[in-house]
Structures are given as structure tokens and as C-alpha cells.
Amino acid sequence: MLLLGQLAGVAHGGGRQRNPPCKEMTVYYHNILYDGTNTANATAAFATQPTLLSRSASINDTYFGEIVVFDDPVTAGPALASEPVARAQGFFFYDKKESPNAWFAFSLVFNSTAHRGTLNLMGADLMAEKTRDISVVGGTGDFFMARGVATLRTDSYEGLYYFRLQMDIKLYDCYDV
Amino acid sequence: MLLLGQLAGVAHGGGRQRNPPCKEMTVYYHNILYDGTNTANATAAFATQPTLLSRSASINDTYFGEIVVFDDPVTAGPALASEPVARAQGFFFYDKKESPNAWFAFSLVFNSTAHRGTLNLMGADLMAEKTRDISVVGGTGDFFMARGVATLRTDSYEGLYYFRLQMDIKLYDCYDV
Amino acid sequence: MLLLGQLAGVAHGGGRQRNPPCKEMTVYYHNILYDGTNTANATAAFATQPTLLSRSASINDTYFGEIVVFDDPVTAGPALASEPVARAQGFFFYDKKESPNAWFAFSLVFNSTAHRGTLNLMGADLMAEKTRDISVVGGTGDFFMARGVATLRTDSYEGLYYFRLQMDIKLYDCYDV
């Protein structure tokens with residue numbers, strides 16, 4: 001085992017060539033959080049109470065540690081009423097003390113004539129960045145064994161209870177179905 | 001960046017050929033939830049209270065947002081008393097308002113003469129489907145760098161506090177150990 | 001579908017050759033949990049209350065089911081004051097009734113001149129083992145599409161509210177940036 005004092009680590013070379021994506025799509029994720037009154041419309045809910053840390057008087061409320069579970073609509077266009085293309089099922093939580101920041105893990109569940117199957121994603125949603133990348137770590141059905149990167153961009157934000165993310169998904173591992 | 005109005009996206013071809021699995025196994029996962037009295041037997045517990053949304057009077061109780069943490073037995077045959085082959089350590093949560101549906105992330109921890117190492121899985125457990133696929137996103141030890149698909153089937157269901165899933169695991173990326 | 005009574009499963013051969021890592025690094029992860037008084041220093045917090053099972057009189061308190069969310073510092077050397085190299089953003093939970101044991105999913109967020117990008121990891125932290133492996137399931141930026149294994153070793157432990165893990169990260173899938 002090498003102990004490396006430098007982050008740079010040891011690169012042994014042999015990196016693979018980076019080919020263009022074998023599949024790409026842009027979709028829109030709508031998080032519609034339960035606010036106590038919108039039972040019919042809500043597709044997400046806080047699963048936990050605020051942490052003691054997030055309620056500490058000496059920090060602003062950045063929801064540190066609060067977990068949201070969702071079964072959110074994913075559409076082809078930005079409008080919530082545009083063509084539904086998938087459900088996003090999973091969770092995120094706020095994870096930074098000083099400012100809002102989140103971490104996501106979820107499945108995109110496709111069930112239409114165009115696509116049937118799932119993509120599984122996880123990664124850091126660095127909300128202070130204009131765009132941020134998370135990983136597509138697996139897939140099933142039409143997306144058998146897929147891998148890639150999804151770029152998130154906050155497209156709309158209406159307080160705590162609604163936000164929309166544009167997701168540009170690029171797959172670099174594709175298999176014949 | 002291409003903006004695609006259609007879900008179909010852009011397929012650039014180049015999909016890899018899909019080979020047969022390099023390894024497959026069928027195992028049985030037993031979720032034994034703490035019910036307030038079964039301390040000795042329970043291997044799983046609700047980590048959270050019901051969400052406000054799940055308690056809303058206008059929906060049936062589908063446990064929306066409730067998180068279960070588990071260290072569950074995994075056996076070679078359907079019977080709980082059959083040969084233990086792994087522990088499943090991880091969590092799931094219920095994530096649908098209208099009907100029971102879940103999302104899983106966990107490790108299968110193997111520690112026997114047959115196998116030593118872990119498989120890491122995540123994905124949507126679409127409970128309304130007879131079978132549903134989740135992703136094997138990584139592995140360690142004997143399962144170094146494994147990837148694949150696990151097909152889940154609800155094999156037995158006894159109310160909220162016990163269910164059994166048949167897991168057909170097929171690995172498509174295997175490495176010599 | 002093959003039903004296999006034996007865990008050994010069916011190996012179809014065709015395992016790939018295991019090459020040396022294309023990149024490796026050793027870093028130190030510091031979990032600094034909120035204890036009610038350390039608001040300024042804490043970078044992690046319990047997101048949930050103890051489960052009913054963990055409070056059951058007939059088991060020792062192993063924190064079964066308790067979830068911790070973190071935005072923890074990651075450094076080049078063991079000392080917390082050594083060079084910062086990343087933030088670890090994610091969560092873990094304790095998941096064993098009989099003894100402390102955990103499950104992790106998180107992103108290493110690099111943002112320096114040396115590296116910019118993220119690594120996404122998940123797996124079982126088998127605390128009873130001297131070292132244990134989790135999976136690197138994806139990466140972004142400088143770590144585009146990375147995969148590999150991270151070996152964890154508990155390097156320091158000061159009760160519930162501080163521990164340090166040495167993480168030896170070896171990537172076996174690397175791409176040219």
C-alpha cells in the first residue's frame with residue numbers, strides 16, 4: 001500500500017479514450033414537496049424532522065440533515081404539464097451547514113412506448129454551482145447496464161416547496177437490447 | 001449541448017453486444033421488521049416516523065417516506081431456516097403516495113467458504129410489478145468490480161412485518177480473483 | 001431462469017483480467033458529529049432519533065437504525081489540520097443489532113488545483129473488520145466514469161462524536177480527461 005501525502009496520487013496511465021455519448025437526453029425533474037395542505041399534488045415529503053444542528057441558534061436554517069423522499073414527475077419539457085417521460089423515485093437530503101446543498105440517490109423509472117426500464121443515479125447536488133454532475137451508476141431494461149453522467153441545473157425555484165431541475169443525461173456505456 | 005424535446009434522445013449507436021452473465025445466483029432475502037415485541041428476532045427497524053403526508057386523512061396509509069434500516073438474513077432456499085449465504089445490510093423506504101412502492105440500497109455481505117466479499121445494489125422496487133430489476137453497481141473481494149442486474153420477486157408477504165424477496169442476481173462484469 | 005440451491009452459483013468463466021489500479025490515493029475522512037454544543041465545528045448530525053428497536057431494553061445500544069448526514073472534511077494526512085483535499089458529502093447509518101456496524105453512501109467532492117470533480121461511493125462499513133472495502137461506483141469531472149474500490153480502516157475513534165477513517169482508494173476504470 002502506498003501512502004501518498006499528496007492528493008495527486010499515483011496515475012498509472014492506461015486511461016481509456018473518452019468516446020462521445022452513446023445516448024443522451026434532456027429531461028426535467030419537478031420536486032413538489034408536501035406543505036401541509038397539498039396532499040393531492042405533493043409527490044415528495046420530508047421524512048425527518050430538522051436536526052438539532054439545523055435548529056442551533058447560531059446557524060442559519062439550511063435544513064442540514066433533513067431527508068426528503070420523492071416519487072416526482074419527470075417531463076420532456078420544462079412545463080409540469082408537458083409530456084411525462086418518467087418518475088424519479090428516491091431521496092435527497094440537505095447536507096451543508098453554511099448554505100443549502102444536497103445529495104441525491106434515485107431511479108428514473110421509464111414506462112412508456114419509447115422506453116421501459118430504469119436508470120439509477122447518485123451524487124452530490126452542489127447547489128452553489130450553476131451546473132453540477134452526478135453519476136449514472138446502473139440501468140435496467142432498455143437501459144441495461146448503462147453508465148454515464150447527468151448534469152443538473154436548477155431551472156426554477158419557488159421557495160422550499162417547488163423546484164425544477166434540468167437533467168442532461170449522457171450515457172457512455174450502452175448495450176444492445 | 002443538445003436540447004431534446006423527445007424522450008427518445010439521440011442514440012449514437014455503438015452499443016456493446018450483450019453477453020450471457022459471467023455469474024448468476026438465486027438467493028432469498030428476509031425482511032423481519034421490529035414490531036415492538038420481537039427484539040430477539042427482528043433484523044430491521046423503522047428509522048423514521050410516518051411522514052405528515054402519509055398521515056394526511058385523504059390518502060390511504062402507504063407509508064410514504066418511511067425509512068427501514070436492515071441487517072437482514074439472506075438464504076440459499078426460500079425457508080428462513082435454509083442455509084445462510086449472506087447478510088443484506090442497507091435500507092429501503094416507501095416512496096409512493098397511492099400504493100406501496102419502495103426504493104432499496106444495500107450491500108450483500110458474503111462471509112463463508114464459498115464467497116467472501118460484497119455486492120452493492122440499488123434501485124426501484126416497483127412493488128406493483130411481478131418482477132422488477134435493480135442494479136448491481138459494484139462489488140468487492142470475490143466480487144471485485146462486479147456489475148449486473150438483480151431481479152426481485154415478492155415470494156412471501158405476511159403483513160407489514162415480514163416479507164421475502166427472491167433475488168435472481170446476474171453479473172455481466174466479472175474479474176479474475 | 002436457473003434456480004440454484006447453492007450459493008456458488010454458475011460461473012460462466014470469461015472473467016476479465018485484473019489489472020493494476022490506474023489511479024490510487026490515500027486520504028483521511030473525519031466525522032465530527034454534533035453533540036449539542038459544537039455548532040461551529042460539527043460537520044455531521046444525527047438525522048433521526050434512535051429507533052424503537054435500539055431502545056429496546058434487551059439489547060445494548062448499538063444505535064441500530066440511526067442515520068447521520070455529513071459534510072465532512074477529507075485531508076491528505078491523518079491530522080485534521082493537514083491539507084484539505086475534498087469534502088465527503090453523504091450519509092451513513094448504524095445497521096446491526098448486536099454490535100456497531102454501518103453502511104455508507106457519499107460523494108468525495110474535490111475542488112482544488114489538483115483535482116476537480118467527484119467520486120461516488122457506497123458500501124458496507126463492517127466495523128468489526130480491521131479493513132473493509134466499499135465500492136467506487138462512479139465519478140465526474142477529473143474522475144469521469146471512474147470505478148474502483150476504497151479500503152476503509154478506522155484510524156482514530158473518540159467515542160461517538162469523532163472518528164477518522166483512512167481511505168485507500170484504488171481506481172481500475174480511468175478515462176482520459
# chains A, B, ... in the order shown; residues from 1 in each chain; ligands from 1

call {"tool": "closest_atom_pairs", "arguments": {"of": "range 64-165 of chain A", "to": "range 28-50 of chain A", "cutoff": "9 Å", "atoms": "only C-alpha atoms", "output": "JSON lines"}}
result
{"residue": "A:Phe64", "atom": "CA", "partner": "A:Pro50", "partner_atom": "CA", "distance": 7.4}
{"residue": "A:Gly65", "atom": "CA", "partner": "A:Pro50", "partner_atom": "CA", "distance": 6.9}
{"residue": "A:Glu66", "atom": "CA", "partner": "A:Pro50", "partner_atom": "CA", "distance": 5.6}
{"residue": "A:Ile67", "atom": "CA", "partner": "A:Ala47", "partner_atom": "CA", "distance": 5.4}
{"residue": "A:Val68", "atom": "CA", "partner": "A:Phe46", "partner_atom": "CA", "distance": 4.4}
{"residue": "A:Val69", "atom": "CA", "partner": "A:Ala44", "partner_atom": "CA", "distance": 5.6}
{"residue": "A:Phe70", "atom": "CA", "partner": "A:Ala44", "partner_atom": "CA", "distance": 4.1}
{"residue": "A:Asp71", "atom": "CA", "partner": "A:Thr43", "partner_atom": "CA", "distance": 5.4}
{"residue": "A:Asp72", "atom": "CA", "partner": "A:Thr43", "partner_atom": "CA", "distance": 5.3}
{"residue": "A:Pro73", "atom": "CA", "partner": "A:His30", "partner_atom": "CA", "distance": 5.7}
{"residue": "A:Val74", "atom": "CA", "partner": "A:Tyr29", "partner_atom": "CA", "distance": 4.6}
{"residue": "A:Thr75", "atom": "CA", "partner": "A:Tyr28", "partner_atom": "CA", "distance": 5.1}
{"residue": "A:Ala76", "atom": "CA", "partner": "A:Tyr28", "partner_atom": "CA", "distance": 6.3}
{"residue": "A:Gly77", "atom": "CA", "partner": "A:Tyr28", "partner_atom": "CA", "distance": 6.4}
{"residue": "A:Pro78", "atom": "CA", "partner": "A:Tyr28", "partner_atom": "CA", "distance": 5.8}
{"residue": "A:Ala79", "atom": "CA", "partner": "A:Tyr28", "partner_atom": "CA", "distance": 8.3}
{"residue": "A:Leu80", "atom": "CA", "partner": "A:His30", "partner_atom": "CA", "distance": 7.1}
{"residue": "A:Arg87", "atom": "CA", "partner": "A:Tyr29", "partner_atom": "CA", "distance": 8.6}
{"residue": "A:Ala88", "atom": "CA", "partner": "A:Tyr29", "partner_atom": "CA", "distance": 7.4}
{"residue": "A:Phe91", "atom": "CA", "partner": "A:Ala44", "partner_atom": "CA", "distance": 8.8}
{"residue": "A:Asp155", "atom": "CA", "partner": "A:Tyr28", "partner_atom": "CA", "distance": 8.5}
{"residue": "A:Leu160", "atom": "CA", "partner": "A:Leu33", "partner_atom": "CA", "distance": 7.7}
{"residue": "A:Tyr161", "atom": "CA", "partner": "A:Leu33", "partner_atom": "CA", "distance": 4.8}
{"residue": "A:Tyr162", "atom": "CA", "partner": "A:Ile32", "partner_atom": "CA", "distance": 4.9}
{"residue": "A:Phe163", "atom": "CA", "partner": "A:Asn31", "partner_atom": "CA", "distance": 5.4}
{"residue": "A:Arg164", "atom": "CA", "partner": "A:His30", "partner_atom": "CA", "distance": 4.6}
{"residue": "A:Leu165", "atom": "CA", "partner": "A:Tyr29", "partner_atom": "CA", "distance": 5.1}

call {"tool": "write_last_selection", "arguments": {"atoms": "N, CA and C atoms", "output": "short mmCIF file (atom, residue, chain, number, x, y, z; two decimals), in the first residue's frame"}}
result
data_model
loop_
_atom_site.label_atom_id
_atom_site.label_comp_id
_atom_site.auth_asym_id
_atom_site.auth_seq_id
_atom_site.Cartn_x
_atom_site.Cartn_y
_atom_site.Cartn_z
N PHE A 64 -29.91 21.42 7.30
CA PHE A 64 -28.87 20.39 7.44
C PHE A 64 -29.46 19.10 7.98
N GLY A 65 -29.31 18.04 7.19
CA GLY A 65 -29.68 16.71 7.65
C GLY A 65 -31.11 16.31 7.34
N GLU A 66 -31.93 17.23 6.85
CA GLU A 66 -33.32 16.85 6.57
C GLU A 66 -33.41 16.04 5.28
N ILE A 67 -34.17 14.95 5.38
CA ILE A 67 -34.29 13.97 4.29
C ILE A 67 -35.65 14.12 3.61
N VAL A 68 -35.65 14.15 2.30
CA VAL A 68 -36.88 14.23 1.51
C VAL A 68 -36.99 12.97 0.64
N VAL A 69 -38.11 12.28 0.75
CA VAL A 69 -38.40 11.11 -0.09
C VAL A 69 -39.34 11.55 -1.21
N PHE A 70 -39.10 11.04 -2.42
CA PHE A 70 -39.92 11.55 -3.54
C PHE A 70 -40.28 10.46 -4.54
N ASP A 71 -41.41 10.69 -5.18
CA ASP A 71 -41.88 9.96 -6.37
C ASP A 71 -42.29 11.05 -7.36
N ASP A 72 -41.29 11.74 -7.89
CA ASP A 72 -41.52 13.01 -8.59
C ASP A 72 -41.71 12.81 -10.09
N PRO A 73 -42.53 13.68 -10.70
CA PRO A 73 -42.71 13.62 -12.14
C PRO A 73 -41.47 14.12 -12.88
N VAL A 74 -41.19 13.50 -14.01
CA VAL A 74 -40.11 13.90 -14.90
C VAL A 74 -40.73 14.08 -16.28
N THR A 75 -40.50 15.24 -16.87
CA THR A 75 -41.18 15.61 -18.11
C THR A 75 -40.19 15.90 -19.23
N ALA A 76 -40.74 15.89 -20.46
CA ALA A 76 -39.90 16.14 -21.63
C ALA A 76 -39.54 17.62 -21.77
N GLY A 77 -40.45 18.49 -21.38
CA GLY A 77 -40.20 19.92 -21.44
C GLY A 77 -40.22 20.51 -20.05
N PRO A 78 -39.87 21.79 -19.94
CA PRO A 78 -39.82 22.41 -18.61
C PRO A 78 -41.18 22.47 -17.90
N ALA A 79 -42.26 22.61 -18.67
CA ALA A 79 -43.56 22.76 -18.03
C ALA A 79 -43.99 21.46 -17.37
N LEU A 80 -44.52 21.59 -16.17
CA LEU A 80 -45.00 20.41 -15.45
C LEU A 80 -46.06 19.68 -16.26
N ARG A 87 -40.84 8.64 -13.89
CA ARG A 87 -40.94 9.05 -12.49
C ARG A 87 -39.54 8.99 -11.92
N ALA A 88 -39.22 9.94 -11.06
CA ALA A 88 -37.97 9.89 -10.32
C ALA A 88 -38.32 9.42 -8.91
N PHE A 91 -34.54 9.69 -2.98
CA PHE A 91 -34.48 10.64 -1.87
C PHE A 91 -33.33 11.61 -2.05
N ASP A 155 -33.54 24.97 -12.67
CA ASP A 155 -34.23 25.63 -13.76
C ASP A 155 -35.30 26.58 -13.22
N LEU A 160 -39.15 26.67 -0.71
CA LEU A 160 -38.79 25.32 -0.30
C LEU A 160 -39.63 24.26 -1.00
N TYR A 161 -40.83 24.61 -1.44
CA TYR A 161 -41.80 23.57 -1.77
C TYR A 161 -41.92 23.21 -3.24
N TYR A 162 -41.22 23.91 -4.10
CA TYR A 162 -41.16 23.50 -5.50
C TYR A 162 -39.83 23.90 -6.10
N PHE A 163 -39.17 22.98 -6.74
CA PHE A 163 -38.06 23.35 -7.61
C PHE A 163 -38.03 22.39 -8.78
N ARG A 164 -37.38 22.87 -9.85
CA ARG A 164 -37.27 22.08 -11.07
C ARG A 164 -35.81 22.00 -11.47
N LEU A 165 -35.37 20.81 -11.78
CA LEU A 165 -34.00 20.61 -12.26
C LEU A 165 -34.03 20.16 -13.71
#

call {"tool": "residues_around", "arguments": {"residues": "Arg132 in chain C", "least_positions_apart": "3", "cutoff": "10 Å", "atoms": "only C-alpha atoms", "output": "mmCIF file with all heavy atoms, in the first residue's frame"}}
result
data_model
loop_
_atom_site.group_PDB
_atom_site.id
_atom_site.type_symbol
_atom_site.label_atom_id
_atom_site.label_comp_id
_atom_site.auth_asym_id
_atom_site.auth_seq_id
_atom_site.Cartn_x
_atom_site.Cartn_y
_atom_site.Cartn_z
ATOM 1 N N GLY B 117 -16.789 -11.340 0.377
ATOM 2 C CA GLY B 117 -16.802 -10.066 -0.325
ATOM 3 C C GLY B 117 -18.213 -9.495 -0.307
ATOM 4 O O GLY B 117 -19.096 -10.006 0.389
ATOM 5 N N THR B 118 -18.404 -8.428 -1.042
ATOM 6 C CA THR B 118 -19.701 -7.763 -1.031
ATOM 7 C C THR B 118 -20.157 -7.428 -2.452
ATOM 8 O O THR B 118 -19.346 -7.233 -3.357
ATOM 9 C CB THR B 118 -19.655 -6.433 -0.226
ATOM 10 O OG1 THR B 118 -18.808 -5.489 -0.894
ATOM 11 C CG2 THR B 118 -19.158 -6.650 1.185
ATOM 12 N N THR B 140 -16.837 -6.086 -4.158
ATOM 13 C CA THR B 140 -15.510 -6.150 -3.544
ATOM 14 C C THR B 140 -15.175 -7.607 -3.249
ATOM 15 O O THR B 140 -16.042 -8.475 -3.293
ATOM 16 C CB THR B 140 -15.466 -5.335 -2.233
ATOM 17 O OG1 THR B 140 -16.291 -5.988 -1.260
ATOM 18 C CG2 THR B 140 -15.953 -3.908 -2.427
ATOM 19 N N GLY B 141 -13.918 -7.864 -2.926
ATOM 20 C CA GLY B 141 -13.495 -9.215 -2.573
ATOM 21 C C GLY B 141 -13.692 -10.153 -3.748
ATOM 22 O O GLY B 141 -13.258 -9.865 -4.863
ATOM 23 N N GLY C 123 -21.286 1.365 0.248
ATOM 24 C CA GLY C 123 -20.984 0.015 0.687
ATOM 25 C C GLY C 123 -21.044 -0.155 2.189
ATOM 26 O O GLY C 123 -21.292 0.791 2.950
ATOM 27 N N ALA C 124 -20.825 -1.385 2.594
ATOM 28 C CA ALA C 124 -20.930 -1.777 4.000
ATOM 29 C C ALA C 124 -19.625 -1.475 4.726
ATOM 30 O O ALA C 124 -18.561 -1.907 4.303
ATOM 31 C CB ALA C 124 -21.252 -3.261 4.095
ATOM 32 N N ASP C 125 -19.741 -0.768 5.840
ATOM 33 C CA ASP C 125 -18.591 -0.495 6.704
ATOM 34 C C ASP C 125 -18.639 -1.496 7.856
ATOM 35 O O ASP C 125 -19.234 -1.231 8.902
ATOM 36 C CB ASP C 125 -18.674 0.945 7.213
ATOM 37 C CG ASP C 125 -17.524 1.280 8.146
ATOM 38 O OD1 ASP C 125 -16.500 0.566 8.125
ATOM 39 O OD2 ASP C 125 -17.657 2.259 8.910
ATOM 40 N N LEU C 126 -18.028 -2.651 7.622
ATOM 41 C CA LEU C 126 -18.069 -3.750 8.593
ATOM 42 C C LEU C 126 -17.088 -3.439 9.715
ATOM 43 O O LEU C 126 -15.912 -3.808 9.678
ATOM 44 C CB LEU C 126 -17.722 -5.056 7.881
ATOM 45 C CG LEU C 126 -18.590 -5.358 6.654
ATOM 46 C CD1 LEU C 126 -18.007 -6.510 5.844
ATOM 47 C CD2 LEU C 126 -20.024 -5.649 7.056
ATOM 48 N N MET C 127 -17.590 -2.741 10.725
ATOM 49 C CA MET C 127 -16.705 -2.121 11.705
ATOM 50 C C MET C 127 -15.898 -3.133 12.519
ATOM 51 O O MET C 127 -14.869 -2.779 13.101
ATOM 52 C CB MET C 127 -17.509 -1.196 12.614
ATOM 53 C CG MET C 127 -18.030 0.035 11.883
ATOM 54 S SD MET C 127 -19.262 0.999 12.819
ATOM 55 C CE MET C 127 -18.313 1.483 14.269
ATOM 56 N N ALA C 128 -16.352 -4.368 12.572
ATOM 57 C CA ALA C 128 -15.601 -5.388 13.312
ATOM 58 C C ALA C 128 -14.348 -5.838 12.568
ATOM 59 O O ALA C 128 -13.462 -6.462 13.169
ATOM 60 C CB ALA C 128 -16.503 -6.588 13.609
ATOM 61 N N GLU C 129 -14.272 -5.559 11.287
ATOM 62 C CA GLU C 129 -13.097 -5.946 10.499
ATOM 63 C C GLU C 129 -12.042 -4.836 10.569
ATOM 64 O O GLU C 129 -12.381 -3.657 10.582
ATOM 65 C CB GLU C 129 -13.490 -6.156 9.030
ATOM 66 C CG GLU C 129 -14.634 -7.113 8.802
ATOM 67 C CD GLU C 129 -14.241 -8.559 9.072
ATOM 68 O OE1 GLU C 129 -13.064 -8.896 8.863
ATOM 69 O OE2 GLU C 129 -15.115 -9.330 9.525
ATOM 70 N N VAL C 149 -12.367 0.536 -5.889
ATOM 71 C CA VAL C 149 -12.595 0.034 -4.539
ATOM 72 C C VAL C 149 -11.891 0.965 -3.564
ATOM 73 O O VAL C 149 -10.774 1.423 -3.824
ATOM 74 C CB VAL C 149 -12.049 -1.409 -4.398
ATOM 75 C CG1 VAL C 149 -12.116 -1.883 -2.952
ATOM 76 C CG2 VAL C 149 -12.826 -2.368 -5.299
ATOM 77 N N ALA C 150 -12.562 1.260 -2.443
ATOM 78 C CA ALA C 150 -11.938 2.030 -1.364
ATOM 79 C C ALA C 150 -11.857 1.143 -0.135
ATOM 80 O O ALA C 150 -12.858 0.552 0.272
ATOM 81 C CB ALA C 150 -12.741 3.293 -1.073
ATOM 82 N N THR C 151 -10.662 1.051 0.423
ATOM 83 C CA THR C 151 -10.457 0.263 1.634
ATOM 84 C C THR C 151 -10.460 1.202 2.835
ATOM 85 O O THR C 151 -9.679 2.152 2.885
ATOM 86 C CB THR C 151 -9.120 -0.499 1.542
ATOM 87 O OG1 THR C 151 -9.159 -1.347 0.393
ATOM 88 C CG2 THR C 151 -8.881 -1.339 2.792
ATOM 89 N N LEU C 152 -11.353 0.913 3.779
ATOM 90 C CA LEU C 152 -11.500 1.753 4.967
ATOM 91 C C LEU C 152 -10.793 1.114 6.159
ATOM 92 O O LEU C 152 -10.840 -0.103 6.342
ATOM 93 C CB LEU C 152 -12.979 1.928 5.319
ATOM 94 C CG LEU C 152 -13.935 2.370 4.216
ATOM 95 C CD1 LEU C 152 -15.323 2.606 4.800
ATOM 96 C CD2 LEU C 152 -13.431 3.613 3.519
ATOM 97 N N ARG C 153 -10.163 1.947 6.964
ATOM 98 C CA ARG C 153 -9.545 1.489 8.197
ATOM 99 C C ARG C 153 -9.822 2.542 9.256
ATOM 100 O O ARG C 153 -9.587 3.736 9.025
ATOM 101 C CB ARG C 153 -8.036 1.326 8.005
ATOM 102 C CG ARG C 153 -7.307 0.712 9.203
ATOM 103 C CD ARG C 153 -5.832 0.473 8.914
ATOM 104 N NE ARG C 153 -5.106 1.718 8.733
ATOM 105 C CZ ARG C 153 -4.664 2.481 9.745
ATOM 106 N NH1 ARG C 153 -4.880 2.133 10.979
ATOM 107 N NH2 ARG C 153 -4.027 3.600 9.478
ATOM 108 N N THR C 154 -10.360 2.123 10.402
ATOM 109 C CA THR C 154 -10.613 3.083 11.474
ATOM 110 C C THR C 154 -9.280 3.493 12.065
ATOM 111 O O THR C 154 -8.559 2.680 12.631
ATOM 112 C CB THR C 154 -11.519 2.491 12.561
ATOM 113 O OG1 THR C 154 -12.725 2.030 11.960
ATOM 114 C CG2 THR C 154 -11.851 3.538 13.603
ATOM 115 N N MET C 167 -8.811 6.091 4.100
ATOM 116 C CA MET C 167 -9.422 5.557 2.878
ATOM 117 C C MET C 167 -8.353 5.388 1.812
ATOM 118 O O MET C 167 -7.787 6.385 1.351
ATOM 119 C CB MET C 167 -10.490 6.518 2.333
ATOM 120 C CG MET C 167 -11.684 6.708 3.230
ATOM 121 S SD MET C 167 -12.987 7.672 2.367
ATOM 122 C CE MET C 167 -14.263 7.645 3.636
#

call {"tool": "atom_distance", "arguments": {"atom1": "CA of Ser99 in chain B", "atom2": "CA of Tyr157 in chain B"}}
result
15.5 Å

call {"tool": "atom_distance", "arguments": {"atom1": "CA of Asp173 in chain C", "atom2": "CA of Pro21 in chain C"}}
result
7.9 Å

call {"tool": "atom_distance", "arguments": {"atom1": "CA of Ala102 in chain B", "atom2": "CA of Gly148 in chain B"}}
result
20.1 Å

call {"tool": "select_by_dssp", "arguments": {"residues": "range 27-127 of chain C", "states": "strand (DSSP E or B)", "output": "PyMOL selection string"}}
result
chain C and resi 27-33+44-46+67-75+84-94+102-111+116-125

call {"tool": "decode", "arguments": {"residues": "range 63-85 of chain B", "atoms": "N, CA, C and O atoms", "output": "CSV table (one decimal), in the first residue's frame"}}
result
chain,number,residue,atom,x,y,z
B,63,TYR,N,-47.4,4.4,3.8
B,63,TYR,CA,-46.1,4.5,4.5
B,63,TYR,C,-45.2,5.5,3.7
B,63,TYR,O,-44.0,5.4,3.9
B,64,PHE,N,-45.7,6.3,2.9
B,64,PHE,CA,-44.9,7.2,2.1
B,64,PHE,C,-43.8,7.9,2.9
B,64,PHE,O,-44.1,8.6,3.9
B,65,GLY,N,-42.6,7.7,2.6
B,65,GLY,CA,-41.5,8.3,3.2
B,65,GLY,C,-40.9,7.6,4.4
B,65,GLY,O,-39.8,8.0,4.9
B,66,GLU,N,-41.5,6.5,4.8
B,66,GLU,CA,-40.9,5.8,6.0
B,66,GLU,C,-39.7,5.0,5.6
B,66,GLU,O,-39.7,4.3,4.6
B,67,ILE,N,-38.7,5.1,6.4
B,67,ILE,CA,-37.4,4.5,6.1
B,67,ILE,C,-37.2,3.3,7.0
B,67,ILE,O,-37.4,3.4,8.2
B,68,VAL,N,-36.7,2.2,6.4
B,68,VAL,CA,-36.4,1.0,7.2
B,68,VAL,C,-34.9,0.7,7.0
B,68,VAL,O,-34.5,0.6,5.9
B,69,VAL,N,-34.2,0.5,8.1
B,69,VAL,CA,-32.8,0.1,8.1
B,69,VAL,C,-32.8,-1.4,8.4
B,69,VAL,O,-33.5,-1.9,9.3
B,70,PHE,N,-31.9,-2.1,7.7
B,70,PHE,CA,-31.9,-3.6,7.9
B,70,PHE,C,-30.5,-4.2,7.9
B,70,PHE,O,-29.6,-3.7,7.3
B,71,ASP,N,-30.4,-5.3,8.6
B,71,ASP,CA,-29.3,-6.2,8.6
B,71,ASP,C,-29.9,-7.6,8.4
B,71,ASP,O,-30.0,-8.4,9.4
B,72,ASP,N,-30.5,-7.9,7.3
B,72,ASP,CA,-31.4,-9.0,7.1
B,72,ASP,C,-30.7,-10.3,6.6
B,72,ASP,O,-29.7,-10.2,5.9
B,73,PRO,N,-31.2,-11.4,7.0
B,73,PRO,CA,-30.6,-12.7,6.5
B,73,PRO,C,-31.0,-12.9,5.1
B,73,PRO,O,-32.0,-12.6,4.6
B,74,VAL,N,-30.0,-13.5,4.4
B,74,VAL,CA,-30.2,-14.0,3.0
B,74,VAL,C,-29.8,-15.4,3.0
B,74,VAL,O,-28.7,-15.8,3.5
B,75,THR,N,-30.7,-16.2,2.4
B,75,THR,CA,-30.6,-17.7,2.5
B,75,THR,C,-30.5,-18.3,1.1
B,75,THR,O,-31.0,-17.7,0.1
B,76,ALA,N,-30.1,-19.5,1.0
B,76,ALA,CA,-30.0,-20.2,-0.3
B,76,ALA,C,-31.3,-20.7,-0.8
B,76,ALA,O,-31.6,-20.8,-2.0
B,77,GLY,N,-32.2,-21.1,0.1
B,77,GLY,CA,-33.5,-21.5,-0.2
B,77,GLY,C,-34.6,-20.6,0.4
B,77,GLY,O,-34.2,-19.6,1.1
B,78,PRO,N,-35.8,-20.8,0.0
B,78,PRO,CA,-36.9,-19.9,0.5
B,78,PRO,C,-37.1,-19.9,2.0
B,78,PRO,O,-37.4,-18.9,2.6
B,79,ALA,N,-36.8,-21.0,2.6
B,79,ALA,CA,-37.1,-21.1,4.1
B,79,ALA,C,-36.1,-20.3,4.8
B,79,ALA,O,-34.9,-20.4,4.6
B,80,LEU,N,-36.6,-19.6,5.8
B,80,LEU,CA,-35.7,-18.8,6.7
B,80,LEU,C,-34.6,-19.7,7.3
B,80,LEU,O,-33.5,-19.2,7.6
B,81,ALA,N,-35.0,-20.9,7.6
B,81,ALA,CA,-34.0,-21.8,8.2
B,81,ALA,C,-33.1,-22.5,7.2
B,81,ALA,O,-32.2,-23.3,7.7
B,82,SER,N,-33.2,-22.2,6.0
B,82,SER,CA,-32.3,-22.8,5.0
B,82,SER,C,-30.9,-22.2,5.1
B,82,SER,O,-30.7,-21.2,5.8
B,83,GLU,N,-29.9,-22.7,4.4
B,83,GLU,CA,-28.5,-22.3,4.5
B,83,GLU,C,-28.3,-20.8,4.4
B,83,GLU,O,-28.7,-20.2,3.4
B,84,PRO,N,-27.8,-20.1,5.4
B,84,PRO,CA,-27.5,-18.7,5.3
B,84,PRO,C,-26.3,-18.5,4.3
B,84,PRO,O,-25.3,-19.2,4.4
B,85,VAL,N,-26.5,-17.5,3.4
B,85,VAL,CA,-25.5,-17.3,2.4
B,85,VAL,C,-24.9,-15.9,2.5
B,85,VAL,O,-23.8,-15.6,2.0
